[in-house]
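To keep things clear, I will list the structure first and then write my remarks on it.
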Amino acid sequence: MTGDPDLAAGDFASWLAESRAAQADDRAIAVPCGDCRACCTSALFVHVGPDESQTLARVPAELLFPAPDMPRGHLVMGYDERGHCPMFRDGECSIYEDRPRTCRQFDCRVFAAAGVEAARPAIAKRARRWSFAYAGQRGRALHDASRAAAAHLREHPECFADGADPANPAHLALLAVETCEQYLDPQGDAHPEGASGETGGAPW
């Protein structure tokens with residue numbers, strides 16, 4: 001047997017609905033991480049918003065810096081010399097219950113959903129192992145549409161909202177799954193340029 005075994009990512013249509021609901025309600029996304037800690041140890045800058053009072057009360061001020069190109073009060077937390085989050089201690093998040101919104105809503109399955117390679121090798125390795133199931137044909141069509149959206153959006157950076165980076169794989173994957181229904185034709189099949197053939201995939 002070669003390579004690592006696949007990981008069950010869940011039913012695609014259910015995952016998509018749950019992910020969107022969590023984003024809309026500003027709540028944590030339930031990710032079956034197991035013993036993976038790739039996102040905690042991959043030299044990521046973590047955004048902390050000014051409204052995240054519980055997180056701000058737990059993170060030492062000296063670890064936070066003004067977020068570039070964002071309004072006053074938005075901060076980022078860096079990483080240590082090993083590329084680890086400074087709140088990652090003894091193999092676990094030391095502020096898990098009060099972790100930043102960025103962490104609560106990070107789900108590396110989005111890369112598998114959109115067929116996009118993550119920038120950080122450890123996260124990319126994990127994301128490649130996710131395997132979605134399909135309870136019905138619509139789920140498979142939505143997955144195909146998410147990948148079609150990502151391919152199309154790569155060619156059309158004008159579809160990205162201000163503040164989003166078309167070259168950032170996470171931004172690309174997120175926008176692809178957010179707009180995937182626009183890449184279904186009236187019969188519910190994936191269309192490479194959206195249901196009406198537009199070049200602008202995003203509604204904003």
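Each chain in the structure tokens gets a letter, A, B and so on, in the order shown; residues start at 1 in every chain, and ligands are counted from 1 in the order they appear.
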Do you have, as a Markdown table, the list of residues of segment 56-130 of chain A lying at most 7 Å from segment 3-16 of chain A, each with its nearest atom pair and that distance in Å to one decimal, counting only C-alpha atoms and ordered by chain then number?
| residue | atom | partner | partner_atom | distance |
| --- | --- | --- | --- | --- |
| A:Arg109 | CA | A:Ala9 | CA | 7.0 |
| A:Arg129 | CA | A:Asp6 | CA | 4.7 |
| A:Trp130 | CA | A:Leu7 | CA | 4.7 |
As a PDB file with C-alpha atoms, in the first residue's frame, please: the residues near Leu63 of chain A (cut-off 12 Å, only C-alpha atoms, same-chain neighbours under 5 positions excluded).
ATOM      1  CA  PHE A  45      -0.588  34.446  10.398  1.00  0.00           C
ATOM      2  CA  VAL A  46      -3.891  34.368  12.273  1.00  0.00           C
ATOM      3  CA  HIS A  47      -6.308  37.282  12.023  1.00  0.00           C
ATOM      4  CA  VAL A  48      -8.015  38.436  15.235  1.00  0.00           C
ATOM      5  CA  LEU A  56      -7.906  39.118  23.027  1.00  0.00           C
ATOM      6  CA  ARG A  58      -6.170  35.219  26.369  1.00  0.00           C
ATOM      7  CA  LEU A  75      -4.717  42.307  14.472  1.00  0.00           C
ATOM      8  CA  VAL A  76      -2.640  39.330  13.425  1.00  0.00           C
ATOM      9  CA  MET A  77      -0.839  36.780  15.524  1.00  0.00           C
ATOM     10  CA  GLY A  78       2.381  35.415  14.076  1.00  0.00           C
ATOM     11  CA  TYR A  79       4.319  32.223  14.756  1.00  0.00           C
ATOM     12  CA  ASP A  80       7.478  31.149  16.513  1.00  0.00           C
ATOM     13  CA  CYS A  85       1.350  29.240  16.653  1.00  0.00           C
ATOM     14  CA  PRO A  86       2.604  30.729  19.954  1.00  0.00           C
ATOM     15  CA  MET A  87      -0.565  29.478  21.653  1.00  0.00           C
TER      16      MET A  87
END
From a DSSP calculation on the backbone, collect every residue of segment 5-198 of chain A in strand (DSSP E or B) and output the set as a list of chain:residue names. A:Leu7, A:Ala8, A:Ala9, A:Gly10, A:Asp11, A:Val46, A:His47, A:Val48, A:Leu64, A:Phe65, A:Pro66, A:Leu75, A:Val76, A:Met77, A:Phe88, A:Arg89, A:Glu92, A:Cys93, A:Trp130, A:Ser131, A:Phe132, A:Ala133, A:Leu184, A:Ala190
Pick from A:Ser94, A:Gln182, A:Gln105, A:Asn168 nearest to Ala141 of chain A, counting only C-alpha atoms: A:Gln182
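If you count only C-alpha atoms and ignore residues fewer than 6 places along the chain from Ala24 of chain A, what sits within 12 Å of it is Ala17, Glu18, Gln105 and Glu178 of chain A.
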File of the preceding selection, N, CA and C atoms, as a PDB file, in the first residue's frame:
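What landed in selection_36.pdb:
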ATOM      1  N   ALA A  17     -23.572  22.700   3.053  1.00  0.00           N
ATOM      2  CA  ALA A  17     -24.630  23.394   3.791  1.00  0.00           C
ATOM      3  C   ALA A  17     -24.186  23.728   5.210  1.00  0.00           C
ATOM      4  N   GLU A  18     -23.520  22.786   5.874  1.00  0.00           N
ATOM      5  CA  GLU A  18     -23.068  23.016   7.243  1.00  0.00           C
ATOM      6  C   GLU A  18     -21.974  24.072   7.298  1.00  0.00           C
ATOM      7  N   GLN A 105     -13.079  28.627  12.239  1.00  0.00           N
ATOM      8  CA  GLN A 105     -13.749  28.430  10.962  1.00  0.00           C
ATOM      9  C   GLN A 105     -12.823  27.920   9.861  1.00  0.00           C
ATOM     10  N   GLU A 178     -18.212  29.023  -2.283  1.00  0.00           N
ATOM     11  CA  GLU A 178     -19.284  29.987  -2.012  1.00  0.00           C
ATOM     12  C   GLU A 178     -20.148  30.236  -3.244  1.00  0.00           C
TER      13      GLU A 178
END
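Relative to atom CA of Asp51 of chain A, atom CA of His74 of chain A is found at 9.0 Å.
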